[in-house]
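In what follows, a structure is listed as structure tokens, so that the remarks can point back to it.
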Amino acid sequence: MNTGASNFVEGVDLAFWVTIGISVVFLIGITTVIIVFLFKYNKNRHPKPVDVKDNYTLEIIWTVIPTIIFLLMFYYGFIGYVPMREVPSGALEVKVTGMMWSWFFEYENGKKSNVLIVPKDKPVRLNLYSPDILHSFYVPAFRVKEDVVPKVDNYMWFTATLIGDYDILCAEYCGERHSYMISKVVVKDERNFLEWYTSEEKDIHMELTSVGFQVSQEYGCLGCHSSDGSKMYGPTFKGLYQSKRTVFLENDEKKDVAADEGYLTRAMLEPNAEVVQGYTKGSMPSYKGSMTDEEVEQVIEYIKSLDEK
Ligand SMILES: [Cu+2]
């Protein structure tokens, strides 16, 4: 009986419990031996240490038994892993983009989303793509995890077996904000899934958000501006749109502004014309001539989108 949220839960959990079980037996066994020996071979009882040499029986036993135990753990791991690389034909294909610092999903019919919506009881193949650095797509409830490697066509698959919402995490820990790459798998029954999948409504806003995010990344904006409210070298993008700011003009005069489209555009093209209080003049380069008008708009769309999540 499969009681987990995906077809892989049973196999992975079995390998996990076998390994844990063996480890617990050894933990108890070894600890007991340590305690017994502590008393039995105490210096008071055994004032003269005895050297044990060339005991072949003992050596064979401690080679053969651990080998069998390791092979047992390997066996359960292997039979749990092999099916994960064999995608059934007819699986629903979804392109997964893992980028600094979010997930993005694109379906074969052009549907785009920032949550992964899948039908229950149907195999789903995820084609993993990264435009920037290493990521690791992880759905704990499904017991699936796979590296997303730039320039490598990696994939994974699963069949969701329970309706519900499950967390998606990035399990890569060598970068600053992988832990902020949180999304969801939403498992729907087939009818509800098809209703969403075939609906005409084009998620243009989502598309713009994604493009704006990519542009912000390309120009290095996100190296100094966070998207989650935390203070980096420059002000955060979150809550920035329409917020009230005190800025210093070029002649050092103070002025109150609202961060609307006009202000944000000026901030990208002439960053030193109005420098926000608390930040250093000259620390941001001008993007005049390098960013197109369209790209400026896309970054603004991205900044706006952060407040709608
Ligand atoms: Cu990541």
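Following the order of the structure tokens, chains are lettered A, B, ..., residues in each are numbered from 1, and ligands are numbered from 1.
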Taking only C-alpha atoms into account, produce a table as a tab-separated table in which each residue of stretch 66-175 of chain A with an atom at most 9 Å from an atom of stretch 13-36 of chain A appears once, together with its shortest atom pair and the distance in Å to one decimal, ordered by chain and rising number.
```
residue	atom	partner	partner_atom	distance
A:Ile69	CA	A:Ile22	CA	8.0
A:Leu72	CA	A:Val18	CA	8.5
A:Met73	CA	A:Thr19	CA	6.0
A:Phe74	CA	A:Ala15	CA	8.4
A:Tyr75	CA	A:Ala15	CA	8.4
A:Tyr76	CA	A:Ala15	CA	4.9
A:Gly77	CA	A:Ala15	CA	5.2
A:Phe78	CA	A:Ala15	CA	8.6
A:Ile79	CA	A:Ala15	CA	8.7
A:Gly80	CA	A:Ala15	CA	7.0
A:Arg143	CA	A:Asp13	CA	8.2
```
Name the residues in contact with A:Met99 at a cut-off of 8 Å, using only C-alpha atoms, excluding same-chain residues fewer than 3 positions from it; report them as an mmCIF file with C-alpha atoms, in the first residue's frame.
```
data_model
loop_
_atom_site.group_PDB
_atom_site.id
_atom_site.type_symbol
_atom_site.label_atom_id
_atom_site.label_comp_id
_atom_site.auth_asym_id
_atom_site.auth_seq_id
_atom_site.Cartn_x
_atom_site.Cartn_y
_atom_site.Cartn_z
ATOM 1 C CA SER A 102 13.169 31.523 -7.738
ATOM 2 C CA TRP A 103 11.530 28.664 -9.644
ATOM 3 C CA SER A 130 19.421 26.722 -14.919
ATOM 4 C CA PRO A 131 20.507 29.947 -16.649
ATOM 5 C CA ASP A 132 22.947 30.844 -13.892
ATOM 6 C CA ILE A 133 24.335 28.601 -11.162
ATOM 7 C CA HIS A 135 20.385 24.629 -7.936
#
```
Check your understanding: Would you name the residues within 9 Å of ligand 1, counting only C-alpha atoms and all ligand atoms, and put them as a list in words?
Key -> Gly98, Met99, Met100, Trp101, Ser102, Trp103, Ile133, Leu134, His135, Ser136, Phe137, Val148, Leu169, Cys170, Ala171, Glu172, Tyr173, Cys174, Gly175, Glu176, Arg177, His178, Ser179, Tyr180 and Met181 of chain A
I need the residues from that last selection saved to file as a short mmCIF file (atom, residue, chain, number, x, y, z; two decimals), in the first residue's frame (with C-alpha atoms), if you can.
```cif
data_model
loop_
_atom_site.label_atom_id
_atom_site.label_comp_id
_atom_site.auth_asym_id
_atom_site.auth_seq_id
_atom_site.Cartn_x
_atom_site.Cartn_y
_atom_site.Cartn_z
CA GLY A 98 15.80 27.34 -11.33
CA MET A 99 17.39 30.78 -11.21
CA MET A 100 18.71 33.22 -8.65
CA TRP A 101 16.44 33.07 -6.62
CA SER A 102 13.17 31.52 -7.74
CA TRP A 103 11.53 28.66 -9.64
CA ILE A 133 24.33 28.60 -11.16
CA LEU A 134 23.77 25.19 -9.58
CA HIS A 135 20.38 24.63 -7.94
CA SER A 136 18.72 21.54 -6.53
CA PHE A 137 15.02 20.92 -7.08
CA VAL A 148 19.76 21.67 -11.73
CA LEU A 169 12.74 23.91 -1.93
CA CYS A 170 16.19 24.48 -3.36
CA ALA A 171 18.53 22.08 -1.60
CA GLU A 172 21.68 23.78 -2.88
CA TYR A 173 23.50 25.49 -0.05
CA CYS A 174 26.59 27.00 -1.62
CA GLY A 175 24.94 30.30 -2.57
CA GLU A 176 23.52 33.21 -0.71
CA ARG A 177 19.79 32.78 -1.25
CA HIS A 178 18.93 29.23 -2.31
CA SER A 179 16.95 28.96 0.89
CA TYR A 180 14.64 31.70 -0.40
CA MET A 181 13.72 29.63 -3.47
#
```
Study note, to complete from the structure: Expressed in Å, the length from atom CA of A:Asp228 to atom CA of A:Gly289 is 28.6 Å
Check your understanding: What lies within 8 Å of A:Val296 using only C-alpha atoms, ignoring chain neighbours under 5 positions off, as a PyMOL selection string?
Key -> chain A and resi 265+268+291
Kindly save the residues from that selection, with N, CA and C atoms included, as a JSON list (two decimals), in the first residue's frame.
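Contents of the output file out_29.json:
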```json
[["chain", "number", "residue", "atom", "x", "y", "z"],
["A", 265, "THR", "N", 12.64, 54.92, -13.01],
["A", 265, "THR", "CA", 13.36, 55.04, -14.29],
["A", 265, "THR", "C", 14.58, 55.95, -14.11],
["A", 268, "MET", "N", 17.49, 54.37, -12.39],
["A", 268, "MET", "CA", 18.32, 53.46, -13.18],
["A", 268, "MET", "C", 19.20, 54.22, -14.17],
["A", 291, "MET", "N", 20.83, 49.84, -20.80],
["A", 291, "MET", "CA", 19.50, 49.24, -20.70],
["A", 291, "MET", "C", 18.58, 49.91, -21.71]]
```
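Take the candidates A:Thr3, A:Asp51, A:Glu146, A:Gln214 and check each one against A:Leu162 using only C-alpha atoms; the shortest distance goes to A:Thr3.
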**Study point:** Pick from A:Pro285, A:Gly164, A:Pro271, A:Pro235, whichever lies nearest to A:Tyr219 using only C-alpha atoms
**Key:**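 The shortest atom-to-atom distance to A:Tyr219 comes from A:Pro285.
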Point to revise | All strand (DSSP E or B) positions in stretch 51-219 of chain A, as a count of residues only | key: 57
Which residues come within 12 Å of A:Trp196, counting only C-alpha atoms, excluding same-chain residues fewer than 2 positions away, as a PDB file with N, CA and C atoms, in the first residue's frame?
```pdb
ATOM      1  N   TYR A 107       4.877  24.852 -19.443  1.00  0.00           N
ATOM      2  CA  TYR A 107       4.273  23.618 -19.952  1.00  0.00           C
ATOM      3  C   TYR A 107       4.372  23.564 -21.459  1.00  0.00           C
ATOM      4  N   ASN A 109       2.157  23.351 -23.701  1.00  0.00           N
ATOM      5  CA  ASN A 109       1.205  24.173 -24.456  1.00  0.00           C
ATOM      6  C   ASN A 109       1.448  25.668 -24.248  1.00  0.00           C
ATOM      7  N   LYS A 111       1.719  27.270 -21.319  1.00  0.00           N
ATOM      8  CA  LYS A 111       1.301  27.734 -19.994  1.00  0.00           C
ATOM      9  C   LYS A 111       2.524  28.011 -19.140  1.00  0.00           C
ATOM     10  N   LYS A 112       2.476  29.100 -18.377  1.00  0.00           N
ATOM     11  CA  LYS A 112       3.591  29.445 -17.511  1.00  0.00           C
ATOM     12  C   LYS A 112       3.071  29.676 -16.098  1.00  0.00           C
ATOM     13  N   SER A 113       3.894  29.367 -15.129  1.00  0.00           N
ATOM     14  CA  SER A 113       3.438  29.516 -13.750  1.00  0.00           C
ATOM     15  C   SER A 113       4.639  29.568 -12.819  1.00  0.00           C
ATOM     16  N   LEU A 116       4.119  24.797  -9.411  1.00  0.00           N
ATOM     17  CA  LEU A 116       4.039  23.629 -10.297  1.00  0.00           C
ATOM     18  C   LEU A 116       2.682  22.967 -10.086  1.00  0.00           C
ATOM     19  N   ILE A 117       1.822  23.064 -11.091  1.00  0.00           N
ATOM     20  CA  ILE A 117       0.491  22.457 -10.979  1.00  0.00           C
ATOM     21  C   ILE A 117       0.491  21.155 -11.775  1.00  0.00           C
ATOM     22  N   VAL A 118       0.132  20.048 -11.123  1.00  0.00           N
ATOM     23  CA  VAL A 118       0.186  18.740 -11.794  1.00  0.00           C
ATOM     24  C   VAL A 118      -1.082  17.938 -11.518  1.00  0.00           C
ATOM     25  N   PRO A 119      -1.406  17.017 -12.439  1.00  0.00           N
ATOM     26  CA  PRO A 119      -2.566  16.159 -12.203  1.00  0.00           C
ATOM     27  C   PRO A 119      -2.183  14.980 -11.303  1.00  0.00           C
ATOM     28  N   VAL A 186       1.209  21.919  -6.664  1.00  0.00           N
ATOM     29  CA  VAL A 186      -0.223  21.796  -6.368  1.00  0.00           C
ATOM     30  C   VAL A 186      -0.744  20.604  -7.161  1.00  0.00           C
ATOM     31  N   VAL A 187      -1.210  19.576  -6.444  1.00  0.00           N
ATOM     32  CA  VAL A 187      -1.726  18.383  -7.107  1.00  0.00           C
ATOM     33  C   VAL A 187      -3.247  18.499  -7.180  1.00  0.00           C
ATOM     34  N   LYS A 188      -3.776  18.462  -8.420  1.00  0.00           N
ATOM     35  CA  LYS A 188      -5.228  18.576  -8.620  1.00  0.00           C
ATOM     36  C   LYS A 188      -5.736  17.283  -9.237  1.00  0.00           C
ATOM     37  N   ASP A 189      -7.034  16.997  -9.106  1.00  0.00           N
ATOM     38  CA  ASP A 189      -7.548  15.826  -9.827  1.00  0.00           C
ATOM     39  C   ASP A 189      -7.581  16.181 -11.309  1.00  0.00           C
ATOM     40  N   GLU A 190      -7.706  15.185 -12.155  1.00  0.00           N
ATOM     41  CA  GLU A 190      -7.480  15.407 -13.572  1.00  0.00           C
ATOM     42  C   GLU A 190      -8.403  16.484 -14.169  1.00  0.00           C
ATOM     43  N   ARG A 191      -9.648  16.476 -13.722  1.00  0.00           N
ATOM     44  CA  ARG A 191     -10.603  17.442 -14.279  1.00  0.00           C
ATOM     45  C   ARG A 191     -10.196  18.873 -13.950  1.00  0.00           C
ATOM     46  N   ASN A 192      -9.861  19.104 -12.675  1.00  0.00           N
ATOM     47  CA  ASN A 192      -9.451  20.441 -12.262  1.00  0.00           C
ATOM     48  C   ASN A 192      -8.133  20.855 -12.911  1.00  0.00           C
ATOM     49  N   PHE A 193      -7.267  19.869 -13.096  1.00  0.00           N
ATOM     50  CA  PHE A 193      -5.995  20.182 -13.728  1.00  0.00           C
ATOM     51  C   PHE A 193      -6.222  20.636 -15.166  1.00  0.00           C
ATOM     52  N   LEU A 194      -7.034  19.842 -15.905  1.00  0.00           N
ATOM     53  CA  LEU A 194      -7.280  20.171 -17.318  1.00  0.00           C
ATOM     54  C   LEU A 194      -7.966  21.524 -17.451  1.00  0.00           C
ATOM     55  N   THR A 198      -6.020  24.044 -19.776  1.00  0.00           N
ATOM     56  CA  THR A 198      -6.537  24.446 -21.080  1.00  0.00           C
ATOM     57  C   THR A 198      -7.195  25.825 -21.047  1.00  0.00           C
ATOM     58  N   SER A 199      -7.218  26.463 -19.895  1.00  0.00           N
ATOM     59  CA  SER A 199      -7.879  27.767 -19.833  1.00  0.00           C
ATOM     60  C   SER A 199      -7.125  28.755 -20.712  1.00  0.00           C
ATOM     61  N   GLU A 200      -7.889  29.618 -21.375  1.00  0.00           N
ATOM     62  CA  GLU A 200      -7.317  30.539 -22.350  1.00  0.00           C
ATOM     63  C   GLU A 200      -6.475  31.620 -21.682  1.00  0.00           C
ATOM     64  N   GLU A 201      -6.886  31.971 -20.508  1.00  0.00           N
ATOM     65  CA  GLU A 201      -6.278  33.101 -19.815  1.00  0.00           C
ATOM     66  C   GLU A 201      -4.742  32.987 -19.830  1.00  0.00           C
ATOM     67  N   LYS A 202      -4.152  33.987 -20.481  1.00  0.00           N
ATOM     68  CA  LYS A 202      -2.693  33.975 -20.591  1.00  0.00           C
ATOM     69  C   LYS A 202      -2.124  34.735 -19.403  1.00  0.00           C
ATOM     70  N   ASP A 203      -1.220  34.119 -18.746  1.00  0.00           N
ATOM     71  CA  ASP A 203      -0.662  34.746 -17.556  1.00  0.00           C
ATOM     72  C   ASP A 203       0.461  35.701 -17.938  1.00  0.00           C
TER      73      ASP A 203
END
```
Practice item. From the DSSP assignment of the backbone, select every residue of stretch 103-244 of chain A that is helix (DSSP H, G or I), and format the answer as a ChimeraX atom specification. Key: /A:140-142,178-180,190-198,204-218,221-223
Do you have, as CSV, the list of residues of stretch 139-246 of chain A lying at most 6 Å from stretch 297-307 of chain A, each with its nearest atom pair and that distance in Å to one decimal, counting only C-alpha atoms and ordered by chain then number?
```
residue,atom,partner,partner_atom,distance
A:Thr209,CA,A:Tyr302,CA,4.8
A:Gly212,CA,A:Gln298,CA,4.3
A:Phe213,CA,A:Tyr302,CA,5.8
A:Ser216,CA,A:Val299,CA,5.9
A:Phe237,CA,A:Ile303,CA,5.6
A:Lys238,CA,A:Leu306,CA,5.6
A:Gly239,CA,A:Asp307,CA,5.9
A:Tyr241,CA,A:Lys304,CA,5.9
```
Quick one: write out the picked residues with C-alpha atoms as a PDB file, in the first residue's frame?
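The resulting file, again32.pdb, is shown below:
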```
ATOM      1  CA  THR A 209       7.655  39.272 -13.898  1.00  0.00           C
ATOM      2  CA  GLY A 212      11.978  41.510 -15.462  1.00  0.00           C
ATOM      3  CA  PHE A 213      13.622  39.194 -13.021  1.00  0.00           C
ATOM      4  CA  SER A 216      17.480  42.502 -13.193  1.00  0.00           C
ATOM      5  CA  PHE A 237      13.166  46.067  -4.207  1.00  0.00           C
ATOM      6  CA  LYS A 238      10.446  44.735  -1.930  1.00  0.00           C
ATOM      7  CA  GLY A 239       8.001  47.430  -0.900  1.00  0.00           C
ATOM      8  CA  TYR A 241       7.221  50.744  -5.526  1.00  0.00           C
TER       9      TYR A 241
END
```
Review point. Which residues come within 6 Å of A:Ser6, counting only C-alpha atoms, excluding same-chain residues fewer than 6 positions away, as number ranges by chain?
Key: A: 142, 159-161
Next, dump the selected residues to file, keeping only C-alpha atoms, as a JSON list (two decimals), in the first residue's frame.
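Saved file out-v6.json follows:
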```json
[["chain", "number", "residue", "atom", "x", "y", "z"],
["A", 142, "PHE", "CA", 7.56, 13.31, -2.86],
["A", 159, "THR", "CA", 3.60, 10.60, -10.11],
["A", 160, "ALA", "CA", 1.73, 12.56, -7.45],
["A", 161, "THR", "CA", -0.67, 10.25, -5.63]]
```
